[in-house]
Amino acid sequence: MSHGERRTGVRLAFVCLVLLGVMPVITNGRPPGATALTFSLGVTLWQLLFALPLQLREWRSGERGVFRRDGPPIDRRRVLAGTVFTGLLFALSTWGYILALEKVGAVNAAIALQIYPLFAAGLEALVLGRGKTRTEWAFTALIVVALYHLATRGTWQMAGLSRWFALALAVPALWSVAHFILRQAMISTPITPNQVTTSRLAVSASLLLPLALVVDGPDEIARAAGSVGLQSFAVMMGLAYYAELILWYHAVRRIEVSVASAITVPAPVVTTILAVLLLGERARGYQFVALTLVVVGLLGLLRVEARRASGRSDVGPGPADPETPSQAAHPPRQA
């Protein structure tokens, strides 16, 4: 990999850092008039619209991915089942993401979402039998302590815990399961990143629409669809969410996943600064303590993973395998 390519990868990772930090602020900065569920539906639909042009361009170029006829035989029913299941998980996680931001605040939720690498690593250990070293357990314990400190608002008292903070922690759990399933599909079938993204967005939208009709009602959806202010924020959120995903794929094709992940770890810092300036949130001392401990813990885990990866092999994944096992150490992303 040339120096210029690596520099481009670093720049793209920094853009991902900014986008990850901005998204909670966009969500909580939206005008009133739509519930978290209806807003989630709007964001998902806009993401799908942004994804379709790239999918059509890929199809016209002759890249058929999972629909290739000259490739190895694959169980398309299994792929379809995985797509539907992960689409369901992403639909619920998108709703939970926006609802958690709304209920516990952009800063608290942004920090809590950083627990994603722990769920991903735990899933890999459970399913793939990948053990953890004492150093990893130490950094993991540091992150857990930091999140408990955050959840109790610095009091260390169980009474400070809330179901909404638990929801914020549940979102990365759903992400980790969906990402694990998708990774297995991407390394065992010729499905492309665009097909993964577009198909899961289509499934998520088809699930969120009837759910919103039942829970919020058609009048609520119609009012939100007709609100220029709300749709402006839905467009911004959908574009930021989708752009972050695409830029991440391009970044990890140019630099190691551990390097890109380390760059994006401080995303909650961006969220904190913007939330204070634009949303009027107050930064608390316990939030800075928790954020510092989480960042230290994540960087420690990433360093251990980078050493393990360099010890295994000096050869990275090729263009056909944009995700790697160490990608589980990255903070939340879509697909």
# chains A, B, ... in the order shown; residues from 1 in each chain; ligands from 1
>>> select_by_dssp(residues="stretch 141-324 of chain A", states="alpha helix (DSSP H)", output="ChimeraX atom specification")
/A:141-151,163-188,193-215,218-226,228-252,257-264,267-274,285-312
>>> residues_around(residues="stretch 272-288 of chain A", least_positions_apart="6", cutoff="12 Å", atoms="only C-alpha atoms", output="PyMOL selection string")
chain A and resi 18-31+101-102+104-112+146-156+266+294-295
>>> closest_residue(among="A:Ser176, A:Ser40, A:Gln195, A:Ser162", to="A:Glu124", atoms="only C-alpha atoms")
A:Ser176
>>> closest_residue(among="A:Leu92, A:Val259, A:Val196, A:Val228", to="A:Leu245", atoms="only C-alpha atoms")
A:Val196
>>> residues_around(residues="A:Pro172", least_positions_apart="6", cutoff="9 Å", atoms="only C-alpha atoms", output="PyMOL selection string")
chain A and resi 93+97+112-117+119-120+331-332
>>> atom_distance(atom1="atom CA of A:Trp95", atom2="atom CA of A:Arg76")
28.4 Å
>>> residues_around(residues="A:Ala138", least_positions_apart="5", cutoff="9 Å", atoms="only C-alpha atoms", output="count of residues only")
3
>>> closest_residue(among="A:Leu298, A:Ala185, A:Leu291, A:Ala234", to="A:Asp75", atoms="only C-alpha atoms")
A:Ala185
>>> residues_around(residues="stretch 48-62 of chain A", least_positions_apart="3", cutoff="9 Å", atoms="only C-alpha atoms", output="JSON, numbers by chain")
{"A": [43, 44, 45, 65, 194, 195, 197, 198, 199, 201, 202, 205, 238, 239, 242, 243]}
